[in-house]
$ cat input-v2.tsv   # TSV, C-alpha atoms (C1' of nucleotides)
chain	number	residue	atom	x	y	z
A	1	MET	CA	152.12	-154.87	7.35
A	2	PRO	CA	153.57	-157.63	5.24
A	3	GLU	CA	155.84	-156.09	2.60
A	4	LEU	CA	158.08	-157.81	0.08
A	5	PRO	CA	160.44	-159.46	2.64
A	6	GLU	CA	157.58	-160.75	4.80
A	7	VAL	CA	155.65	-162.14	1.83
A	8	GLU	CA	158.83	-163.73	0.44
A	9	THR	CA	159.49	-165.33	3.86
A	10	VAL	CA	155.98	-166.77	3.90
A	11	ARG	CA	156.45	-167.99	0.32
A	12	ARG	CA	159.65	-169.83	1.16
A	13	GLY	CA	158.01	-171.46	4.17
A	14	LEU	CA	154.96	-172.55	2.21
A	15	GLU	CA	157.11	-173.87	-0.62
A	16	ARG	CA	158.83	-176.16	1.88
A	17	LEU	CA	155.68	-177.07	3.83
A	18	ILE	CA	152.78	-177.50	1.39
A	19	VAL	CA	154.09	-178.25	-2.12
A	20	GLY	CA	153.12	-181.82	-2.99
A	21	ARG	CA	150.26	-182.00	-0.49
A	22	SER	CA	146.77	-182.82	-1.66
A	23	ILE	CA	143.77	-180.70	-0.65
A	24	LYS	CA	140.88	-182.55	0.94
A	25	THR	CA	138.48	-179.74	1.95
A	26	VAL	CA	138.32	-175.95	2.25
A	27	MET	CA	136.42	-174.26	5.09
A	28	VAL	CA	135.41	-170.64	4.48
A	29	TYR	CA	134.60	-168.55	7.58
A	30	ASP	CA	134.18	-165.12	6.00
A	31	SER	CA	132.58	-165.07	2.56
A	32	PRO	CA	132.49	-163.13	0.34
A	33	LYS	CA	134.83	-160.50	1.79
A	34	SER	CA	137.86	-162.64	2.59
A	35	PHE	CA	137.12	-165.34	0.00
A	36	PRO	CA	134.46	-164.67	-2.69
A	37	ASN	CA	134.41	-167.93	-4.67
A	38	THR	CA	131.44	-170.27	-4.44
A	39	GLN	CA	131.54	-173.57	-2.59
A	40	ALA	CA	130.62	-175.32	-5.86
A	41	ASP	CA	133.69	-173.91	-7.63
A	42	VAL	CA	135.91	-174.87	-4.72
A	43	GLU	CA	134.62	-178.44	-4.72
A	44	GLN	CA	135.03	-178.75	-8.49
A	45	PHE	CA	138.47	-177.18	-8.92
A	46	VAL	CA	140.20	-177.56	-5.55
A	47	TYR	CA	139.12	-180.75	-3.82
A	48	GLY	CA	141.63	-183.47	-4.68
A	49	ALA	CA	144.08	-180.99	-6.25
A	50	THR	CA	147.78	-181.06	-5.37
A	51	ILE	CA	149.84	-177.94	-4.60
A	52	VAL	CA	152.44	-177.68	-7.37
A	53	ALA	CA	154.15	-174.34	-6.65
A	54	VAL	CA	154.07	-171.24	-4.42
A	55	ARG	CA	155.12	-168.04	-6.16
A	56	ARG	CA	155.27	-164.34	-5.28
A	57	ARG	CA	154.73	-161.19	-7.33
A	58	ALA	CA	155.06	-157.91	-5.41
A	59	LYS	CA	153.18	-158.51	-2.14
A	60	VAL	CA	150.87	-161.10	-3.71
A	61	LEU	CA	151.23	-164.86	-3.13
A	62	LEU	CA	150.21	-167.40	-5.77
A	63	ILE	CA	149.46	-170.95	-4.66
A	64	GLU	CA	149.30	-173.03	-7.84
A	65	LEU	CA	147.25	-176.22	-8.10
A	66	SER	CA	147.54	-179.31	-10.28
A	67	THR	CA	144.08	-178.51	-11.71
A	68	ASN	CA	145.49	-175.36	-13.35
A	69	TYR	CA	143.75	-173.12	-10.80
A	70	THR	CA	145.57	-170.71	-8.50
A	71	PHE	CA	144.82	-169.30	-5.05
A	72	VAL	CA	145.81	-165.61	-5.19
A	73	THR	CA	146.35	-164.02	-1.76
A	74	HIS	CA	147.08	-160.52	-0.50
A	75	LEU	CA	147.80	-160.29	3.24
A	76	LYS	CA	147.42	-156.47	3.33
A	77	MET	CA	148.14	-155.40	6.93
A	78	THR	CA	147.23	-158.18	9.32
A	79	GLY	CA	146.90	-161.27	7.12
A	80	GLN	CA	148.67	-164.51	8.02
A	81	LEU	CA	149.15	-167.84	6.24
A	82	VAL	CA	150.01	-170.41	8.90
A	83	TYR	CA	150.59	-174.10	8.32
A	84	VAL	CA	149.73	-176.42	11.19
A	85	GLY	CA	151.33	-179.83	10.95
A	86	ASN	CA	150.33	-183.19	12.27
A	87	GLU	CA	152.15	-184.81	15.20
A	88	ARG	CA	151.98	-188.18	13.48
A	89	PHE	CA	154.29	-186.92	10.75
A	90	GLY	CA	156.68	-185.11	13.09
A	91	ALA	CA	155.77	-181.65	11.80
A	92	GLY	CA	153.64	-180.45	14.67
A	93	HIS	CA	152.83	-176.87	15.49
A	94	PRO	CA	156.10	-175.29	16.67
A	95	THR	CA	156.18	-174.59	20.40
A	96	ASP	CA	157.69	-171.13	19.80
A	97	SER	CA	154.84	-170.13	17.51
A	98	LEU	CA	153.04	-166.87	18.30
A	99	ILE	CA	149.80	-168.48	17.21
A	100	GLY	CA	147.43	-170.18	19.61
A	101	SER	CA	145.10	-172.98	18.65
A	102	LEU	CA	143.48	-172.61	15.23
A	103	PRO	CA	140.96	-171.86	13.91
A	104	ASP	CA	140.41	-168.77	16.04
A	105	ARG	CA	138.24	-165.67	15.61
A	106	SER	CA	140.57	-164.22	12.95
A	107	THR	CA	140.48	-167.34	10.76
A	108	ARG	CA	138.90	-166.61	7.34
A	109	VAL	CA	139.78	-169.77	5.39
A	110	ALA	CA	141.13	-173.19	6.39
A	111	MET	CA	142.55	-175.56	3.78
A	112	ALA	CA	142.71	-179.15	5.03
A	113	PHE	CA	145.16	-181.58	3.40
A	114	ASP	CA	144.58	-185.31	3.09
A	115	ASP	CA	147.40	-186.03	5.57
A	116	GLY	CA	145.56	-184.27	8.39
A	117	THR	CA	147.59	-181.03	8.22
A	118	THR	CA	146.02	-177.60	7.60
A	119	LEU	CA	146.84	-174.21	6.10
A	120	PHE	CA	145.02	-171.33	7.84
A	121	PHE	CA	144.41	-167.89	6.34
A	122	ASN	CA	143.89	-165.54	9.29
A	123	ASP	CA	143.24	-161.82	9.10
A	124	GLN	CA	142.19	-159.72	12.05
A	125	ARG	CA	141.15	-156.69	10.01
A	126	LYS	CA	139.67	-158.38	6.93
A	127	PHE	CA	141.61	-156.12	4.53
A	128	GLY	CA	143.38	-159.13	3.05
A	129	TRP	CA	141.81	-161.58	0.64
A	130	MET	CA	142.21	-164.94	-1.02
A	131	LYS	CA	140.63	-165.68	-4.42
A	132	LEU	CA	140.59	-168.70	-6.70
A	133	TYR	CA	141.42	-167.99	-10.36
A	134	PRO	CA	141.94	-170.15	-13.44
A	135	ALA	CA	145.74	-169.98	-13.83
A	136	PRO	CA	145.70	-168.20	-17.22
A	137	GLU	CA	143.56	-165.38	-15.78
A	138	VAL	CA	145.93	-164.47	-12.94
A	139	MET	CA	148.00	-162.20	-15.16
A	140	ASN	CA	144.83	-160.34	-16.19
A	141	ILE	CA	144.13	-159.14	-12.63
A	142	ASP	CA	144.23	-155.34	-12.57
A	143	PHE	CA	146.97	-155.19	-9.96
A	144	MET	CA	149.15	-157.67	-11.87
A	145	GLN	CA	148.80	-155.60	-15.04
A	146	LYS	CA	149.96	-152.34	-13.52
A	147	VAL	CA	152.41	-153.38	-10.77
A	148	GLY	CA	156.00	-152.29	-11.35
A	149	PRO	CA	159.21	-154.37	-11.54
A	150	GLU	CA	160.60	-156.55	-8.75
A	151	PRO	CA	163.28	-154.40	-7.06
A	152	LEU	CA	165.57	-157.37	-6.32
A	153	ASP	CA	165.73	-158.53	-9.93
A	154	ASP	CA	169.16	-157.94	-11.49
A	155	SER	CA	167.37	-156.24	-14.38
A	156	PHE	CA	166.09	-153.53	-11.99
A	157	THR	CA	169.04	-151.19	-12.41
A	158	ALA	CA	169.51	-147.57	-11.37
A	159	LYS	CA	168.74	-146.57	-14.95
A	160	VAL	CA	165.37	-148.37	-14.86
A	161	PHE	CA	164.55	-147.05	-11.36
A	162	ILE	CA	165.35	-143.45	-12.30
A	163	SER	CA	163.41	-143.51	-15.56
A	164	ARG	CA	160.32	-144.92	-13.80
A	165	ILE	CA	160.37	-142.66	-10.74
A	166	ARG	CA	160.88	-139.51	-12.83
A	167	HIS	CA	157.25	-139.94	-13.91
A	168	ARG	CA	156.35	-139.01	-10.33
A	169	ASN	CA	158.51	-135.86	-10.17
A	170	ASN	CA	155.95	-133.70	-8.39
A	171	THR	CA	155.20	-135.94	-5.42
A	172	THR	CA	157.34	-136.79	-2.39
A	173	ILE	CA	160.08	-139.39	-2.65
A	174	LYS	CA	158.36	-141.49	0.03
A	175	ALA	CA	155.02	-141.51	-1.81
A	176	ALA	CA	156.90	-142.42	-5.01
A	177	ILE	CA	158.69	-145.49	-3.62
A	178	LEU	CA	155.47	-146.63	-1.91
A	179	ASP	CA	153.72	-146.47	-5.31
A	180	GLN	CA	153.45	-150.09	-6.43
A	181	THR	CA	153.34	-149.06	-10.09
A	182	VAL	CA	156.83	-147.51	-9.81
A	183	LEU	CA	158.39	-150.59	-8.18
A	184	ALA	CA	156.89	-153.59	-6.41
A	185	GLY	CA	156.89	-154.55	-2.77
A	186	VAL	CA	158.02	-151.52	-0.74
A	187	GLY	CA	155.85	-150.53	2.24
A	188	ASN	CA	156.17	-148.17	5.17
A	189	ILE	CA	158.94	-149.98	7.07
A	190	TYR	CA	161.43	-150.35	4.22
A	191	ALA	CA	160.59	-146.94	2.77
A	192	ASP	CA	161.71	-145.27	6.02
A	193	GLU	CA	164.72	-147.57	6.44
A	194	SER	CA	166.04	-147.03	2.90
A	195	LEU	CA	165.50	-143.26	2.94
A	196	TRP	CA	167.52	-143.02	6.16
A	197	GLY	CA	170.20	-145.19	4.53
A	198	ALA	CA	170.35	-142.83	1.55
A	199	LYS	CA	170.17	-139.72	3.81
A	200	ILE	CA	167.13	-138.36	1.96
A	201	HIS	CA	164.24	-136.70	3.78
A	202	PRO	CA	160.98	-138.53	2.92
A	203	SER	CA	159.08	-135.35	2.06
A	204	THR	CA	161.64	-134.21	-0.53
A	205	ARG	CA	159.97	-133.78	-3.94
A	206	VAL	CA	161.25	-136.32	-6.46
A	207	LYS	CA	162.27	-133.50	-8.83
A	208	ASN	CA	164.61	-132.23	-6.11
A	209	VAL	CA	166.33	-135.60	-5.69
A	210	SER	CA	169.38	-135.97	-7.96
A	211	ASP	CA	170.05	-139.02	-10.14
A	212	GLU	CA	173.05	-139.75	-7.92
A	213	GLN	CA	170.85	-139.72	-4.81
A	214	LEU	CA	168.34	-141.99	-6.55
A	215	SER	CA	171.13	-144.44	-7.38
A	216	THR	CA	172.15	-144.46	-3.72
A	217	LEU	CA	168.52	-144.94	-2.69
A	218	LEU	CA	168.22	-148.00	-4.91
A	219	VAL	CA	171.36	-149.51	-3.36
A	220	GLU	CA	169.86	-148.91	0.10
A	221	LEU	CA	166.50	-150.35	-0.96
A	222	LYS	CA	168.10	-153.56	-2.22
A	223	TYR	CA	170.21	-153.72	0.94
A	224	VAL	CA	167.32	-153.40	3.42
A	225	LEU	CA	165.04	-155.73	1.44
A	226	ASN	CA	167.75	-158.42	1.26
A	227	LEU	CA	168.68	-158.00	4.92
A	228	ALA	CA	165.01	-158.20	5.93
A	229	ILE	CA	164.53	-161.43	3.96
A	230	GLU	CA	167.63	-162.83	5.69
A	231	LYS	CA	166.09	-161.93	9.07
A	232	GLY	CA	162.72	-163.45	8.20
A	233	GLY	CA	160.93	-160.09	7.89
A	234	SER	CA	159.72	-157.60	10.51
A	235	THR	CA	157.26	-158.53	13.23
A	236	ASP	CA	155.72	-155.42	14.73
A	237	LYS	CA	152.37	-156.76	15.86
A	238	ASN	CA	150.74	-159.38	13.67
A	239	TYR	CA	153.19	-160.65	11.11
A	240	VAL	CA	154.27	-164.27	11.40
A	241	ASN	CA	155.82	-166.69	8.89
A	242	ALA	CA	154.26	-169.92	7.62
A	243	GLU	CA	155.14	-171.65	10.90
A	244	GLY	CA	153.63	-168.92	13.05
A	245	LYS	CA	157.04	-167.55	14.06
A	246	ARG	CA	158.14	-163.91	14.20
A	247	GLY	CA	160.73	-162.20	12.01
A	248	SER	CA	163.65	-160.29	13.55
A	249	TYR	CA	164.43	-157.38	11.18
A	250	ILE	CA	162.90	-154.92	13.65
A	251	ASP	CA	165.89	-155.61	15.96
A	252	PHE	CA	168.14	-154.27	13.19
A	253	ALA	CA	165.98	-151.29	12.19
A	254	ARG	CA	167.75	-147.94	12.25
A	255	VAL	CA	164.71	-145.62	12.36
A	256	PHE	CA	161.43	-147.54	12.04
A	257	ARG	CA	159.54	-147.58	15.39
A	258	ARG	CA	162.62	-146.03	17.02
A	259	GLU	CA	161.21	-142.56	17.75
A	260	GLY	CA	162.93	-141.06	20.79
A	261	LYS	CA	165.93	-143.39	20.41
A	262	GLU	CA	169.39	-142.42	19.15
A	263	CYS	CA	170.24	-142.27	15.46
A	264	PRO	CA	172.91	-144.96	14.80
A	265	ARG	CA	175.01	-142.35	12.96
A	266	HIS	CA	174.52	-139.56	15.50
A	267	PRO	CA	174.68	-140.57	19.17
A	268	GLY	CA	172.87	-137.86	21.14
A	269	THR	CA	170.41	-137.11	18.33
A	270	VAL	CA	167.06	-138.87	18.53
A	271	ILE	CA	164.83	-140.23	15.80
A	272	ILE	CA	161.64	-138.22	15.30
A	273	LYS	CA	158.26	-139.35	14.03
A	274	THR	CA	156.23	-137.20	11.65
A	275	ARG	CA	153.61	-137.76	8.97
A	276	VAL	CA	154.54	-137.96	5.27
A	277	ALA	CA	152.39	-139.30	2.43
A	278	GLY	CA	149.71	-140.03	5.02
A	279	ARG	CA	151.95	-142.45	6.93
A	280	GLY	CA	153.85	-142.44	10.18
A	281	THR	CA	157.39	-141.52	9.14
A	282	HIS	CA	160.69	-141.90	11.03
A	283	THR	CA	163.75	-139.76	10.36
A	284	CYS	CA	167.01	-138.51	11.85
A	285	PRO	CA	166.95	-134.67	11.82
A	286	ILE	CA	170.72	-134.54	11.18
A	287	CYS	CA	171.01	-137.21	8.47
A	288	GLN	CA	167.79	-136.13	6.80
A	289	PRO	CA	167.20	-132.39	7.19
A	290	ALA	CA	163.66	-131.40	6.16
A	291	PRO	CA	163.38	-129.64	2.77
A	292	LEU	CA	162.37	-125.96	2.75
B	1	DC	C1'	146.19	-136.77	-16.12
B	2	DA	C1'	148.80	-136.12	-11.65
B	3	DC	C1'	148.21	-136.22	-7.17
B	4	DT	C1'	145.90	-136.50	-2.49
B	5	DT	C1'	142.57	-138.11	0.68
B	6	DG	C1'	139.12	-141.21	2.60
B	7	DA	C1'	137.26	-145.87	3.10
B	8	DC	C1'	137.80	-150.44	4.21
B	9	DC	C1'	138.30	-153.14	9.33
B	10	DT	C1'	139.45	-154.40	14.24
B	11	DG	C1'	142.41	-154.35	18.27
B	12	DT	C1'	145.08	-151.47	21.21
B	13	DC	C1'	146.38	-147.53	23.64
B	14	DC	C1'	145.80	-142.92	25.63
B	15	DG	C1'	143.42	-139.25	28.00
B	16	DC	C1'	139.49	-137.85	30.62
C	1	DT	C1'	136.83	-148.57	35.42
C	2	DG	C1'	134.54	-147.10	31.21
C	3	DC	C1'	134.46	-144.70	27.02
C	4	DG	C1'	135.51	-142.02	22.95
C	5	DG	C1'	138.85	-141.18	19.76
C	6	DA	C1'	143.32	-141.65	17.54
C	7	DC	C1'	146.22	-144.83	15.45
C	8	DA	C1'	148.16	-148.80	12.85
C	9	DG	C1'	149.10	-148.91	7.10
C	10	DG	C1'	148.15	-151.67	1.66
C	11	DT	C1'	145.34	-150.64	-1.92
C	12	DC	C1'	141.49	-148.75	-4.41
C	13	DA	C1'	137.86	-145.40	-5.33
C	14	DA	C1'	136.65	-140.87	-5.28
C	15	DG	C1'	137.91	-136.28	-4.92
C	16	DT	C1'	140.68	-131.82	-6.14
$ encode --input "input-v2.tsv" --output "structure tokens"
Amino acid sequence: MPELPEVETVRRGLERLIVGRSIKTVMVYDSPKSFPNTQADVEQFVYGATIVAVRRRAKVLLIELSTNYTFVTHLKMTGQLVYVGNERFGAGHPTDSLIGSLPDRSTRVAMAFDDGTTLFFNDQRKFGWMKLYPAPEVMNIDFMQKVGPEPLDDSFTAKVFISRIRHRNNTTIKAAILDQTVLAGVGNIYADESLWGAKIHPSTRVKNVSDEQLSTLLVELKYVLNLAIEKGGSTDKNYVNAEGKRGSYIDFARVFRREGKECPRHPGTVIIKTRVAGRGTHTCPICQPAPL
DNA sequence: CACTTGACCTGTCCGC
DNA sequence: TGCGGACAGGTCAAGT
């Protein structure tokens, strides 16, 4: 379930851990589903290349190489990018990592660096993928063309948010903020958390949400996304950062995975779990009364 | 076109 | 204990 804060946490870790390292070999364990490029292309464009940057757009990670090729990765629900260091260089696998010895049965790709360290792409459910693109073609990927603005950019103002989401007036507010073409990076956790923050029921139709409420929702969205980045993301089951460690946002969650527990605003009232937009949805029945 | 639902996967949990 | 089925949820294709 990596969303914007989890992917950004992985990006920051990888930026620190792999930029400047040189790739020696790439082992592919699940082709073509998890990694469709041919071995010949990998040998020609990746072997000997140096990592020059690690970027993020929405929930997609871009690992840029000195050869002007880019590894594009989407972790989807259970994907992990875990760097395993080398004891000789004092960057060994952390002892508090949630990850056992790698590769394991979920490993789809392993990228070995010339210093003996390795980056593993693991994905239990095989929904995620990693693909090699010539750098200039990355922006032509369908998803990149249609994905909406980054919600944490200063240019993403209430005015921009409102004008974009009003194109989805007839659907529910939860479906609208999960729509990656409206804004980038929000998934189930932060949708529920921000809607509770703004005191809006997730199944409210967008047309019945006022501009003022939408402005409040954007403030709450930016707040939970920033807080989650600060806490290193949310680890429910599978998510780990680039060192294999868990994130702690879930300890600060107000509604997500808290069904049956008290609403922070209303001691004595418990969070309920329902289904909205096809997803498990958590609300406080007092803060967020269901629409008629 | 706007919107909703099912498919893609595998591990886990629950009820019988 | 074993087993079937529901569930987890990001994105895309197919359906209404």
$ interface_residues --input "input-v2.tsv" --of "chain C" --to "chain A" --cutoff "9 Å" --atoms "all atoms listed in the file" --output "VMD selection string"
chain C and resid 8 to 11
$ residues_around --input "input-v2.tsv" --residues "A:Val255" --least-positions-apart "3" --cutoff "8 Å" --atoms "only C-alpha atoms (C1' of nucleotides)" --output "JSON, numbers by chain"
{"A": [192, 193, 196, 258, 259, 263, 271, 282, 283, 284]}
$ interface_residues --input "input-v2.tsv" --of "chain B" --to "chain A" --cutoff "10 Å" --atoms "only C-alpha atoms (C1' of nucleotides)" --output "PDB file with C-alpha atoms (C1' of nucleotides), keeping the file's coordinate frame"
ATOM      1  C1'  DA B   2     148.800-136.120 -11.650  1.00  0.00           C
ATOM      2  C1'  DC B   3     148.210-136.220  -7.170  1.00  0.00           C
ATOM      3  C1'  DT B   4     145.900-136.500  -2.490  1.00  0.00           C
ATOM      4  C1'  DT B   5     142.570-138.110   0.680  1.00  0.00           C
ATOM      5  C1'  DC B   8     137.800-150.440   4.210  1.00  0.00           C
ATOM      6  C1'  DC B   9     138.300-153.140   9.330  1.00  0.00           C
ATOM      7  C1'  DT B  10     139.450-154.400  14.240  1.00  0.00           C
ATOM      8  C1'  DG B  11     142.410-154.350  18.270  1.00  0.00           C
TER       9       DG B  11
END
$ atom_distance --input "input-v2.tsv" --atom1 "atom CA of A:Ala158" --atom2 "atom CA of A:Pro5"
20.5 Å
$ residues_around --input "input-v2.tsv" --residues "stretch 17-31 of chain A" --least-positions-apart "3" --cutoff "7 Å" --atoms "only C-alpha atoms (C1' of nucleotides)" --output "list of chain:residue names"
A:Gly13, A:Leu14, A:Ser34, A:Phe35, A:Pro36, A:Val46, A:Tyr47, A:Gly48, A:Ala49, A:Thr50, A:Ile51, A:Val52, A:Ala53, A:Thr107, A:Arg108, A:Val109, A:Ala110, A:Met111, A:Ala112, A:Phe113, A:Asp114
$ write_last_selection --input "input-v2.tsv" --atoms "C-alpha atoms" --output "PDB file, in the frame of the given file"
ATOM      1  CA  GLY A  13     158.010-171.460   4.170  1.00  0.00           C
ATOM      2  CA  LEU A  14     154.960-172.550   2.210  1.00  0.00           C
ATOM      3  CA  SER A  34     137.860-162.640   2.590  1.00  0.00           C
ATOM      4  CA  PHE A  35     137.120-165.340   0.000  1.00  0.00           C
ATOM      5  CA  PRO A  36     134.460-164.670  -2.690  1.00  0.00           C
ATOM      6  CA  VAL A  46     140.200-177.560  -5.550  1.00  0.00           C
ATOM      7  CA  TYR A  47     139.120-180.750  -3.820  1.00  0.00           C
ATOM      8  CA  GLY A  48     141.630-183.470  -4.680  1.00  0.00           C
ATOM      9  CA  ALA A  49     144.080-180.990  -6.250  1.00  0.00           C
ATOM     10  CA  THR A  50     147.780-181.060  -5.370  1.00  0.00           C
ATOM     11  CA  ILE A  51     149.840-177.940  -4.600  1.00  0.00           C
ATOM     12  CA  VAL A  52     152.440-177.680  -7.370  1.00  0.00           C
ATOM     13  CA  ALA A  53     154.150-174.340  -6.650  1.00  0.00           C
ATOM     14  CA  THR A 107     140.480-167.340  10.760  1.00  0.00           C
ATOM     15  CA  ARG A 108     138.900-166.610   7.340  1.00  0.00           C
ATOM     16  CA  VAL A 109     139.780-169.770   5.390  1.00  0.00           C
ATOM     17  CA  ALA A 110     141.130-173.190   6.390  1.00  0.00           C
ATOM     18  CA  MET A 111     142.550-175.560   3.780  1.00  0.00           C
ATOM     19  CA  ALA A 112     142.710-179.150   5.030  1.00  0.00           C
ATOM     20  CA  PHE A 113     145.160-181.580   3.400  1.00  0.00           C
ATOM     21  CA  ASP A 114     144.580-185.310   3.090  1.00  0.00           C
TER      22      ASP A 114
END
$ closest_residue --input "input-v2.tsv" --among "A:Leu132, A:Cys287, A:Leu214, A:Val147" --to "A:Lys199" --atoms "all atoms listed in the file"
A:Cys287
$ atom_distance --input "input-v2.tsv" --atom1 "atom CA of A:Gly185" --atom2 "atom CA of A:Pro289"
26.4 Å
$ residues_near_point --input "input-v2.tsv" --point "(162.9, -132.6, 1.8)" --cutoff "6 Å" --atoms "all atoms listed in the file" --output "PyMOL selection string"
chain A and resi 201+203-204+290-291
$ write_last_selection --input "input-v2.tsv" --atoms "C-alpha atoms" --output "mmCIF file, keeping the file's coordinate frame"
data_model
loop_
_atom_site.group_PDB
_atom_site.id
_atom_site.type_symbol
_atom_site.label_atom_id
_atom_site.label_comp_id
_atom_site.auth_asym_id
_atom_site.auth_seq_id
_atom_site.Cartn_x
_atom_site.Cartn_y
_atom_site.Cartn_z
ATOM 1 C CA HIS A 201 164.240 -136.700 3.780
ATOM 2 C CA SER A 203 159.080 -135.350 2.060
ATOM 3 C CA THR A 204 161.640 -134.210 -0.530
ATOM 4 C CA ALA A 290 163.660 -131.400 6.160
ATOM 5 C CA PRO A 291 163.380 -129.640 2.770
#
$ residues_around --input "input-v2.tsv" --residues "C:DG4" --least-positions-apart "3" --cutoff "12 Å" --atoms "all atoms listed in the file" --output "number ranges by chain"
B: 14-16
$ axis_aligned_box --input "input-v2.tsv" --around "stretch 5-13 of chain B" --padding-each-side "8 Å" --output "AutoDock Vina command-line options"
--center_x 141.8 --center_y -146.3 --center_z 12.2 --size_x 25.1 --size_y 32.3 --size_z 39.0
$ residues_around --input "input-v2.tsv" --residues "A:Thr281" --least-positions-apart "6" --cutoff "8 Å" --atoms "all atoms listed in the file" --output "PyMOL selection string"
chain A and resi 188+192+202+256+273-275
$ atom_distance --input "input-v2.tsv" --atom1 "atom CA of A:Ala135" --atom2 "atom CA of A:Thr70"
5.4 Å
$ residues_around --input "input-v2.tsv" --residues "A:Val82" --least-positions-apart "6" --cutoff "8 Å" --atoms "all atoms listed in the file" --output "number ranges by chain"
A: 119-122, 240-244
